[in-house]
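The next block is run.tsv, given as TSV, C-alpha atoms.
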```tsv
chain	number	residue	atom	x	y	z
A	1	MET	CA	-17.70	-68.56	7.66
A	2	GLU	CA	-17.82	-68.22	3.89
A	3	THR	CA	-21.16	-66.84	2.72
A	4	LYS	CA	-22.13	-68.25	-0.67
A	5	ILE	CA	-24.48	-66.73	-3.22
A	6	TRP	CA	-26.61	-69.47	-4.75
A	7	SER	CA	-28.49	-69.22	-8.03
A	8	ALA	CA	-31.95	-70.73	-8.48
A	9	ASP	CA	-30.53	-74.02	-9.80
A	10	GLU	CA	-28.48	-74.35	-6.61
A	11	LEU	CA	-31.64	-74.50	-4.48
A	12	PRO	CA	-30.73	-77.95	-3.04
A	13	ALA	CA	-27.69	-76.42	-1.32
A	14	ALA	CA	-29.92	-73.83	0.37
A	15	VAL	CA	-32.37	-76.56	1.41
A	16	ARG	CA	-29.57	-78.61	2.98
A	17	ALA	CA	-28.37	-75.54	4.89
A	18	ILE	CA	-31.83	-74.88	6.37
A	19	LYS	CA	-32.17	-78.54	7.36
A	20	ARG	CA	-28.86	-78.53	9.23
A	21	GLY	CA	-29.82	-75.43	11.22
A	22	ALA	CA	-27.87	-72.85	9.21
A	23	LEU	CA	-29.05	-69.40	8.06
A	24	VAL	CA	-30.07	-68.72	4.45
A	25	ALA	CA	-31.18	-65.38	3.02
A	26	PHE	CA	-34.02	-65.67	0.54
A	27	PRO	CA	-35.83	-63.40	-1.94
A	28	THR	CA	-39.45	-62.31	-1.67
A	29	GLU	CA	-41.58	-59.78	-3.54
A	30	THR	CA	-41.02	-57.27	-0.71
A	31	VAL	CA	-37.43	-57.49	0.61
A	32	TYR	CA	-34.90	-60.27	1.21
A	33	GLY	CA	-35.51	-62.33	4.35
A	34	LEU	CA	-33.09	-64.16	6.64
A	35	GLY	CA	-34.30	-67.73	6.95
A	36	ALA	CA	-33.96	-70.40	9.62
A	37	ASP	CA	-36.02	-73.46	10.52
A	38	ALA	CA	-38.86	-72.04	12.63
A	39	PHE	CA	-38.98	-75.23	14.74
A	40	ASN	CA	-35.24	-75.16	15.51
A	41	GLU	CA	-34.77	-72.85	18.50
A	42	GLN	CA	-30.98	-72.84	18.18
A	43	ALA	CA	-31.18	-71.88	14.50
A	44	VAL	CA	-33.66	-69.11	15.24
A	45	GLY	CA	-31.32	-67.76	17.90
A	46	LYS	CA	-28.63	-67.44	15.25
A	47	VAL	CA	-30.91	-65.04	13.34
A	48	TYR	CA	-30.95	-62.60	16.25
A	49	ALA	CA	-27.19	-62.89	16.63
A	50	ALA	CA	-26.43	-62.39	12.92
A	51	LYS	CA	-28.66	-59.32	12.67
A	52	GLY	CA	-27.91	-57.84	16.09
A	53	ARG	CA	-31.69	-57.87	16.57
A	54	PRO	CA	-33.35	-57.17	19.95
A	55	SER	CA	-34.68	-60.41	21.42
A	56	ASP	CA	-38.15	-58.98	22.13
A	57	ASN	CA	-38.77	-58.25	18.45
A	58	PRO	CA	-40.90	-61.17	17.19
A	59	LEU	CA	-40.20	-62.89	13.87
A	60	ILE	CA	-42.49	-63.53	10.91
A	61	VAL	CA	-42.91	-67.21	10.03
A	62	HIS	CA	-42.94	-67.84	6.27
A	63	ILE	CA	-44.90	-70.74	4.80
A	64	ALA	CA	-45.33	-72.29	1.36
A	65	ASP	CA	-48.87	-73.66	1.74
A	66	ALA	CA	-51.77	-72.40	3.84
A	67	ASN	CA	-52.22	-75.79	5.51
A	68	GLN	CA	-48.83	-75.32	7.21
A	69	ILE	CA	-50.52	-72.77	9.48
A	70	ASP	CA	-52.34	-75.56	11.27
A	71	ARG	CA	-49.03	-76.95	12.55
A	72	PHE	CA	-48.45	-73.99	14.85
A	73	ALA	CA	-51.31	-71.43	14.82
A	74	GLN	CA	-55.09	-71.13	15.02
A	75	ARG	CA	-56.73	-69.51	12.06
A	76	ASN	CA	-60.19	-67.97	11.90
A	77	ALA	CA	-62.72	-66.89	9.27
A	78	TRP	CA	-60.96	-63.55	8.77
A	79	ALA	CA	-57.69	-65.32	8.09
A	80	ASP	CA	-59.31	-67.71	5.61
A	81	ALA	CA	-60.85	-64.79	3.70
A	82	LEU	CA	-57.54	-62.91	3.51
A	83	ILE	CA	-55.64	-66.04	2.48
A	84	GLU	CA	-58.04	-66.49	-0.42
A	85	ALA	CA	-57.73	-62.84	-1.47
A	86	PHE	CA	-54.06	-61.96	-0.91
A	87	TRP	CA	-51.83	-65.04	-0.55
A	88	PRO	CA	-49.26	-65.54	-1.77
A	89	GLY	CA	-48.54	-61.86	-1.35
A	90	PRO	CA	-47.30	-58.98	0.82
A	91	LEU	CA	-49.62	-59.58	3.78
A	92	THR	CA	-48.62	-60.85	7.23
A	93	MET	CA	-51.32	-62.05	9.60
A	94	ILE	CA	-51.02	-62.24	13.38
A	95	LEU	CA	-52.90	-65.21	14.81
A	96	PRO	CA	-53.04	-67.06	18.16
A	97	VAL	CA	-50.13	-69.48	18.45
A	98	LYS	CA	-50.65	-73.11	19.45
A	99	THR	CA	-49.19	-73.84	22.88
A	100	GLY	CA	-45.84	-75.59	23.01
A	101	VAL	CA	-45.19	-75.72	19.26
A	102	LEU	CA	-43.03	-72.68	18.56
A	103	SER	CA	-40.25	-71.37	20.77
A	104	SER	CA	-40.76	-68.07	22.55
A	105	VAL	CA	-37.65	-66.99	20.63
A	106	VAL	CA	-39.89	-66.88	17.53
A	107	THR	CA	-42.90	-65.20	19.15
A	108	GLY	CA	-41.10	-62.80	21.48
A	109	GLY	CA	-42.85	-64.58	24.34
A	110	LEU	CA	-46.30	-63.55	23.10
A	111	ASP	CA	-49.30	-65.83	22.64
A	112	THR	CA	-49.51	-64.82	18.98
A	113	VAL	CA	-47.41	-65.46	15.89
A	114	ALA	CA	-46.96	-63.51	12.64
A	115	ILE	CA	-47.37	-65.56	9.44
A	116	ARG	CA	-46.91	-64.84	5.75
A	117	MET	CA	-46.81	-66.70	2.41
A	118	PRO	CA	-44.38	-64.85	0.11
A	119	ASP	CA	-45.16	-64.36	-3.56
A	120	ASN	CA	-41.90	-65.86	-4.77
A	121	ASP	CA	-41.79	-69.31	-6.36
A	122	LEU	CA	-38.12	-69.88	-5.49
A	123	THR	CA	-38.61	-69.17	-1.80
A	124	ARG	CA	-41.80	-71.21	-1.54
A	125	SER	CA	-39.83	-74.09	-3.10
A	126	LEU	CA	-37.16	-73.61	-0.43
A	127	ILE	CA	-39.77	-73.84	2.34
A	128	ARG	CA	-41.54	-76.80	0.73
A	129	GLU	CA	-38.39	-78.83	0.10
A	130	ALA	CA	-36.96	-78.06	3.54
A	131	ASP	CA	-40.32	-79.31	4.86
A	132	THR	CA	-40.52	-76.64	7.54
A	133	PRO	CA	-41.80	-73.10	7.95
A	134	ILE	CA	-38.91	-70.65	8.14
A	135	VAL	CA	-38.59	-67.44	10.10
A	136	GLY	CA	-37.68	-64.51	7.92
A	137	PRO	CA	-36.92	-61.03	9.23
A	138	SER	CA	-35.26	-58.72	6.71
A	139	ALA	CA	-31.78	-59.96	5.84
A	140	ASN	CA	-29.84	-56.94	7.02
A	141	THR	CA	-28.04	-55.69	10.08
A	142	SER	CA	-30.76	-54.60	12.50
A	143	GLY	CA	-31.77	-50.97	11.95
A	144	ARG	CA	-30.21	-50.69	8.47
A	145	PRO	CA	-32.18	-50.19	5.25
A	146	SER	CA	-33.77	-53.46	4.20
A	147	PRO	CA	-32.10	-55.38	1.34
A	148	THR	CA	-33.70	-55.45	-2.09
A	149	ILE	CA	-30.92	-57.31	-3.94
A	150	ALA	CA	-28.62	-60.16	-2.89
A	151	GLN	CA	-25.61	-57.82	-2.83
A	152	HIS	CA	-27.25	-55.74	-0.08
A	153	VAL	CA	-27.50	-58.89	2.04
A	154	TYR	CA	-23.90	-59.84	1.34
A	155	HIS	CA	-22.72	-56.35	2.34
A	156	ASP	CA	-24.38	-56.61	5.76
A	157	LEU	CA	-24.13	-60.30	6.61
A	158	HIS	CA	-21.23	-61.91	4.76
A	159	GLY	CA	-19.29	-64.15	7.12
A	160	LYS	CA	-22.33	-64.46	9.41
A	161	ILE	CA	-24.68	-66.68	7.35
A	162	SER	CA	-24.24	-69.77	5.18
A	163	GLY	CA	-25.63	-68.39	1.96
A	164	ILE	CA	-27.93	-66.16	-0.04
A	165	LEU	CA	-30.45	-67.50	-2.52
A	166	ASP	CA	-30.27	-64.92	-5.31
A	167	GLY	CA	-33.66	-64.13	-6.83
A	168	GLY	CA	-32.77	-60.79	-8.38
A	169	SER	CA	-34.33	-57.48	-7.39
A	170	THR	CA	-37.45	-57.45	-5.25
A	171	ARG	CA	-40.57	-55.97	-6.86
A	172	ILE	CA	-42.26	-54.07	-4.04
A	173	GLY	CA	-39.27	-52.95	-1.98
A	174	VAL	CA	-40.94	-52.38	1.39
A	175	GLU	CA	-42.02	-54.97	3.93
A	176	SER	CA	-45.45	-56.57	4.02
A	177	THR	CA	-48.58	-55.13	5.57
A	178	VAL	CA	-49.10	-56.63	9.04
A	179	ILE	CA	-52.67	-57.15	10.24
A	180	ASP	CA	-53.55	-58.37	13.73
A	181	LEU	CA	-56.39	-60.92	13.59
A	182	SER	CA	-55.98	-62.14	17.17
A	183	THR	CA	-58.42	-59.65	18.71
A	184	ASP	CA	-62.03	-58.57	18.14
A	185	GLN	CA	-60.93	-55.70	15.87
A	186	PRO	CA	-58.72	-56.32	12.80
A	187	THR	CA	-55.87	-53.83	13.09
A	188	VAL	CA	-53.02	-52.93	10.75
A	189	LEU	CA	-49.83	-52.76	12.83
A	190	ARG	CA	-47.45	-52.02	9.96
A	191	PRO	CA	-48.48	-50.41	6.65
A	192	GLY	CA	-47.54	-52.04	3.38
A	193	LYS	CA	-48.69	-52.29	-0.21
A	194	ILE	CA	-52.04	-53.80	0.87
A	195	THR	CA	-54.01	-50.96	2.46
A	196	PRO	CA	-56.69	-50.96	5.18
A	197	GLU	CA	-59.24	-50.22	2.44
A	198	ASP	CA	-58.12	-53.32	0.53
A	199	LEU	CA	-58.54	-55.40	3.67
A	200	GLU	CA	-61.93	-53.93	4.55
A	201	ALA	CA	-63.24	-54.79	1.09
A	202	VAL	CA	-62.52	-58.48	1.79
A	203	LEU	CA	-63.38	-58.66	5.49
A	204	LYS	CA	-66.58	-56.60	5.20
A	205	THR	CA	-65.74	-54.89	8.47
A	206	SER	CA	-63.73	-51.87	9.56
A	207	VAL	CA	-59.97	-52.24	9.86
A	208	GLU	CA	-58.11	-49.99	12.28
A	209	ALA	CA	-54.75	-48.43	11.48
A	210	GLY	CA	-53.13	-49.16	14.83
A	211	GLN	CA	-49.55	-47.95	14.53
A	212	HIS	CA	-48.65	-46.65	17.98
A	213	ALA	CA	-45.57	-45.88	20.01
A	214	VAL	CA	-44.50	-49.08	21.75
A	215	LYS	CA	-43.31	-48.52	25.33
A	216	ALA	CA	-39.83	-49.53	26.45
A	217	ASP	CA	-41.17	-52.44	28.53
A	218	GLU	CA	-43.74	-53.54	25.93
A	219	VAL	CA	-43.15	-56.42	23.51
A	220	PRO	CA	-44.32	-55.41	20.01
A	221	LYS	CA	-46.73	-57.77	18.25
A	222	ALA	CA	-45.09	-57.13	14.89
A	223	PRO	CA	-41.65	-56.17	13.57
A	224	GLY	CA	-40.94	-52.51	12.86
A	225	MET	CA	-43.04	-51.12	15.70
A	226	LYS	CA	-40.57	-50.45	18.51
A	227	TYR	CA	-37.01	-49.90	17.35
A	228	ARG	CA	-35.34	-47.58	14.87
A	229	HIS	CA	-35.41	-49.15	11.43
A	230	TYR	CA	-34.36	-48.66	7.83
A	231	ALA	CA	-31.69	-46.04	8.57
A	232	PRO	CA	-28.33	-45.63	6.82
A	233	ASP	CA	-25.32	-44.24	8.65
A	234	LYS	CA	-25.81	-40.84	7.00
A	235	ASP	CA	-28.28	-38.20	8.20
A	236	VAL	CA	-31.63	-38.45	6.42
A	237	PHE	CA	-34.20	-35.65	6.17
A	238	MET	CA	-37.67	-35.72	4.63
A	239	VAL	CA	-38.64	-33.03	2.12
A	240	GLU	CA	-42.20	-31.94	1.40
A	241	ARG	CA	-42.89	-30.93	-2.19
A	242	GLU	CA	-43.12	-27.21	-1.42
A	243	ASP	CA	-39.73	-27.24	0.33
A	244	TRP	CA	-37.61	-28.61	-2.51
A	245	THR	CA	-36.51	-25.25	-3.93
A	246	GLN	CA	-35.10	-24.12	-0.59
A	247	ALA	CA	-33.74	-27.63	0.09
A	248	ILE	CA	-31.75	-27.59	-3.16
A	249	ILE	CA	-30.37	-24.12	-2.37
A	250	TRP	CA	-29.31	-25.41	1.05
A	251	ALA	CA	-27.69	-28.50	-0.50
A	252	GLN	CA	-25.74	-26.40	-3.01
A	253	SER	CA	-24.35	-24.27	-0.17
A	254	GLN	CA	-22.76	-27.25	1.62
A	255	LEU	CA	-19.05	-28.02	1.41
A	256	SER	CA	-19.68	-31.75	0.85
A	257	PRO	CA	-22.18	-33.18	-1.65
A	258	VAL	CA	-25.72	-33.91	-0.49
A	259	GLY	CA	-27.65	-36.91	-1.78
A	260	LEU	CA	-31.03	-36.01	-3.32
A	261	MET	CA	-33.76	-38.63	-3.76
A	262	LEU	CA	-36.73	-37.36	-5.76
A	263	THR	CA	-39.52	-38.55	-8.03
A	264	ASN	CA	-39.13	-37.96	-11.76
A	265	ASP	CA	-41.48	-34.98	-11.87
A	266	LEU	CA	-39.49	-33.20	-9.17
A	267	ILE	CA	-36.23	-33.95	-10.97
A	268	LEU	CA	-37.59	-32.34	-14.12
A	269	GLU	CA	-39.20	-29.43	-12.26
A	270	HIS	CA	-35.91	-28.53	-10.59
A	271	GLN	CA	-33.73	-29.30	-13.63
A	272	LEU	CA	-31.72	-32.01	-11.86
A	273	ALA	CA	-31.73	-34.64	-14.62
A	274	GLY	CA	-28.30	-36.16	-15.22
A	275	MET	CA	-26.71	-34.42	-12.25
A	276	ASP	CA	-24.43	-36.18	-9.79
A	277	PHE	CA	-25.81	-37.21	-6.38
A	278	VAL	CA	-29.40	-37.41	-7.64
A	279	TRP	CA	-31.33	-40.68	-7.21
A	280	SER	CA	-34.57	-41.13	-9.11
A	281	LEU	CA	-37.46	-42.60	-7.12
A	282	GLY	CA	-39.37	-43.13	-10.35
A	283	PRO	CA	-42.78	-41.76	-11.32
A	284	ASP	CA	-44.97	-42.56	-8.30
A	285	ALA	CA	-45.24	-43.96	-4.78
A	286	ASP	CA	-45.06	-47.58	-5.91
A	287	SER	CA	-41.78	-47.03	-7.72
A	288	ALA	CA	-40.51	-44.85	-4.86
A	289	ALA	CA	-41.16	-47.67	-2.39
A	290	ALA	CA	-39.28	-50.10	-4.61
A	291	LYS	CA	-36.30	-47.75	-4.93
A	292	LEU	CA	-36.17	-46.20	-1.43
A	293	PHE	CA	-33.91	-48.66	0.39
A	294	ALA	CA	-31.59	-49.08	-2.60
A	295	GLY	CA	-31.16	-45.31	-2.81
A	296	LEU	CA	-30.40	-44.98	0.89
A	297	ARG	CA	-27.82	-47.75	0.59
A	298	TYR	CA	-26.31	-46.14	-2.52
A	299	PHE	CA	-25.67	-42.83	-0.79
A	300	ASP	CA	-24.54	-44.61	2.37
A	301	GLY	CA	-21.74	-46.01	0.24
A	302	GLN	CA	-20.63	-42.58	-0.99
A	303	ALA	CA	-17.91	-41.53	1.45
A	304	ASP	CA	-18.22	-37.81	0.74
A	305	VAL	CA	-22.01	-37.69	1.21
A	306	GLN	CA	-23.00	-36.90	4.80
A	307	THR	CA	-26.65	-35.91	4.33
A	308	ILE	CA	-29.50	-37.40	2.27
A	309	LEU	CA	-32.65	-35.46	1.40
A	310	VAL	CA	-35.63	-37.61	0.38
A	311	ALA	CA	-38.99	-36.69	-1.09
A	312	ARG	CA	-41.98	-37.34	1.14
A	313	MET	CA	-45.29	-38.30	-0.49
A	314	PRO	CA	-48.74	-36.84	0.17
A	315	GLU	CA	-50.39	-38.56	3.13
A	316	THR	CA	-52.71	-41.16	1.56
A	317	SER	CA	-53.28	-44.83	2.38
A	318	ARG	CA	-51.48	-45.83	-0.84
A	319	ASN	CA	-48.44	-43.78	0.21
A	320	ALA	CA	-48.50	-44.88	3.85
A	321	ALA	CA	-45.95	-47.70	3.53
A	322	TYR	CA	-43.41	-45.48	1.76
A	323	ASN	CA	-43.88	-42.59	4.18
A	324	ASN	CA	-43.70	-44.93	7.18
A	325	ARG	CA	-40.33	-46.36	6.14
A	326	LEU	CA	-38.97	-42.94	5.19
A	327	ASN	CA	-40.10	-41.43	8.49
A	328	LYS	CA	-38.28	-44.15	10.43
A	329	ALA	CA	-35.14	-43.79	8.29
A	330	ALA	CA	-35.17	-40.05	8.93
A	331	GLY	CA	-35.99	-40.35	12.62
A	332	SER	CA	-39.00	-38.06	11.91
A	333	HIS	CA	-36.70	-35.19	10.85
A	334	PHE	CA	-37.63	-32.75	8.08
A	335	VAL	CA	-35.29	-30.65	5.95
A	336	THR	CA	-36.81	-27.46	7.33
A	337	GLU	CA	-34.80	-28.10	10.52
A	338	LEU	CA	-31.65	-27.39	8.52
A	339	PHE	CA	-32.67	-24.04	7.10
A	340	ASP	CA	-31.93	-22.12	10.30
A	341	ASP	CA	-28.53	-23.72	10.85
```

Would you write the structure of this file as structure tokens?
Amino acid sequence: METKIWSADELPAAVRAIKRGALVAFPTETVYGLGADAFNEQAVGKVYAAKGRPSDNPLIVHIADANQIDRFAQRNAWADALIEAFWPGPLTMILPVKTGVLSSVVTGGLDTVAIRMPDNDLTRSLIREADTPIVGPSANTSGRPSPTIAQHVYHDLHGKISGILDGGSTRIGVESTVIDLSTDQPTVLRPGKITPEDLEAVLKTSVEAGQHAVKADEVPKAPGMKYRHYAPDKDVFMVEREDWTQAIIWAQSQLSPVGLMLTNDLILEHQLAGMDFVWSLGPDADSAAAKLFAGLRYFDGQADVQTILVARMPETSRNAAYNNRLNKAAGSHFVTELFDD
């Protein structure tokens, strides 16, 4: 299969592909998604096959208008309040699914469904003109760093999907916040740019941060909870601020180059500006989140780099999404494990 890259003015080609049951990657403000008609079970199955995604990992359904929810899910007062405050935007809501409307391939066999309205005019036009909600997990090989430009998608999925709708670089760079509204207690299952505090301010009730280890026989309610995610083929280690001096000494002692991913202040502090194998994460956690996956992919493409050291942020709610993705990419490993080797 030839995978095409479509510009915005070639949107009709992407719409035709969705309507005929093909796969189309699309841009959002977070990362690129891999789209298929949510009501076409065969098309949705192709998403799992293209990504190599476990079949018990439910998919997020993307919509263009809030009234599309009523076709397949049951919303409540909490959902209406969050729609008003945050949609379109980087927030996914888990709601009870209507019986017999969506395939269990979409929901992972659960009685809930994850829903989001992306803050991207081009993608909402795709959904609207295709006249169907579309599923949209990240458009990458399962477990790899999520794609933030069309070329990342092409690298992972060319020959496996019909096309990629090129919307340029994503703004946020990490996946949406996922909040479960299907129980008596609103619970964040995956951190993102919208924090529990942001949600509490709208809902006027406490919001739990419910990330937990999902058991082998348990179906996760949201993507990113159960399986290893966001990881390049190279070894990744997290670095706390106080460990950078020793980390750099360790890196300089290695026979092959080590990729270093740091914020601008750390680059200046350790006099690394302009040096090879240094990737700037920008000035703060927001920029670091936007640049994290691209940096991991960059060093993954450097044949002589075997190890990547990445700055971890202080543990705050605003930094939670970045630290969550980095922790998964690193498999919870810190650079201090290397110092005794």

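With all atoms listed in the file as the basis for measurement, A:Leu126 is the residue among A:Leu338, A:Ile115, A:Ile172, A:Leu126 that approaches A:Leu11 most closely.
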
Which residues are near stretch 13-29 of chain A? Cut-off 9 Å, only C-alpha atoms, ignore same chain within fewer than 6 positions. Put them as number ranges by chain. A: 6, 35-37, 40, 42-44, 46-47, 50, 89-90, 118-123, 126-127, 129-132, 134, 136, 138-139, 148-150, 153, 160-175

Keeping C-alpha atoms for every residue in the selection just given, could you write it to a file as a compact mmCIF listing (two decimals), in the coordinates of the input?
```
# COMPACT_ATOMS: atom_id res chain seq x y z
CA TRP A 6 -26.61 -69.47 -4.75
CA GLY A 35 -34.30 -67.73 6.95
CA ALA A 36 -33.96 -70.40 9.62
CA ASP A 37 -36.02 -73.46 10.52
CA ASN A 40 -35.24 -75.16 15.51
CA GLN A 42 -30.98 -72.84 18.18
CA ALA A 43 -31.18 -71.88 14.50
CA VAL A 44 -33.66 -69.11 15.24
CA LYS A 46 -28.63 -67.44 15.25
CA VAL A 47 -30.91 -65.04 13.34
CA ALA A 50 -26.43 -62.39 12.92
CA GLY A 89 -48.54 -61.86 -1.35
CA PRO A 90 -47.30 -58.98 0.82
CA PRO A 118 -44.38 -64.85 0.11
CA ASP A 119 -45.16 -64.36 -3.56
CA ASN A 120 -41.90 -65.86 -4.77
CA ASP A 121 -41.79 -69.31 -6.36
CA LEU A 122 -38.12 -69.88 -5.49
CA THR A 123 -38.61 -69.17 -1.80
CA LEU A 126 -37.16 -73.61 -0.43
CA ILE A 127 -39.77 -73.84 2.34
CA GLU A 129 -38.39 -78.83 0.10
CA ALA A 130 -36.96 -78.06 3.54
CA ASP A 131 -40.32 -79.31 4.86
CA THR A 132 -40.52 -76.64 7.54
CA ILE A 134 -38.91 -70.65 8.14
CA GLY A 136 -37.68 -64.51 7.92
CA SER A 138 -35.26 -58.72 6.71
CA ALA A 139 -31.78 -59.96 5.84
CA THR A 148 -33.70 -55.45 -2.09
CA ILE A 149 -30.92 -57.31 -3.94
CA ALA A 150 -28.62 -60.16 -2.89
CA VAL A 153 -27.50 -58.89 2.04
CA LYS A 160 -22.33 -64.46 9.41
CA ILE A 161 -24.68 -66.68 7.35
CA SER A 162 -24.24 -69.77 5.18
CA GLY A 163 -25.63 -68.39 1.96
CA ILE A 164 -27.93 -66.16 -0.04
CA LEU A 165 -30.45 -67.50 -2.52
CA ASP A 166 -30.27 -64.92 -5.31
CA GLY A 167 -33.66 -64.13 -6.83
CA GLY A 168 -32.77 -60.79 -8.38
CA SER A 169 -34.33 -57.48 -7.39
CA THR A 170 -37.45 -57.45 -5.25
CA ARG A 171 -40.57 -55.97 -6.86
CA ILE A 172 -42.26 -54.07 -4.04
CA GLY A 173 -39.27 -52.95 -1.98
CA VAL A 174 -40.94 -52.38 1.39
CA GLU A 175 -42.02 -54.97 3.93
```

From the list A:Thr245, A:Met93, A:Ser176, A:Ser103, which residue is nearest A:Asp80 when using only C-alpha atoms? A:Met93

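Between atom CA of A:Ala209 and atom CA of A:Leu189 the separation is 6.7 Å.
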
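Taking only C-alpha atoms into account, A:Val106 lies nearest to A:Asn57 out of the set A:Thr205, A:Gln252, A:Asn57, A:Ser125.
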
Choose the residue, out of A:Phe86, A:Tyr230, A:Tyr298, A:Tyr32, that has the smallest atom-to-atom separation from A:Pro147; count only C-alpha atoms. A:Tyr32

Go ahead and compute the interatomic distance for atom CA of A:Ala290 and atom CA of A:Pro137, in Å to one decimal. 17.8 Å

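Closest approach to A:Pro283 among A:Leu268, A:Ile248, A:Leu296, A:Val113: A:Leu268, based on only C-alpha atoms.
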
Using all atoms listed in the file, determine which residues lie at most 12 Å from A:Thr112, disregarding the query and same-chain residues fewer than 6 positions distant; provide the list as a PyMOL selection string. chain A and resi 58-61+72-75+93-99+101-104+106+180-183+219-222
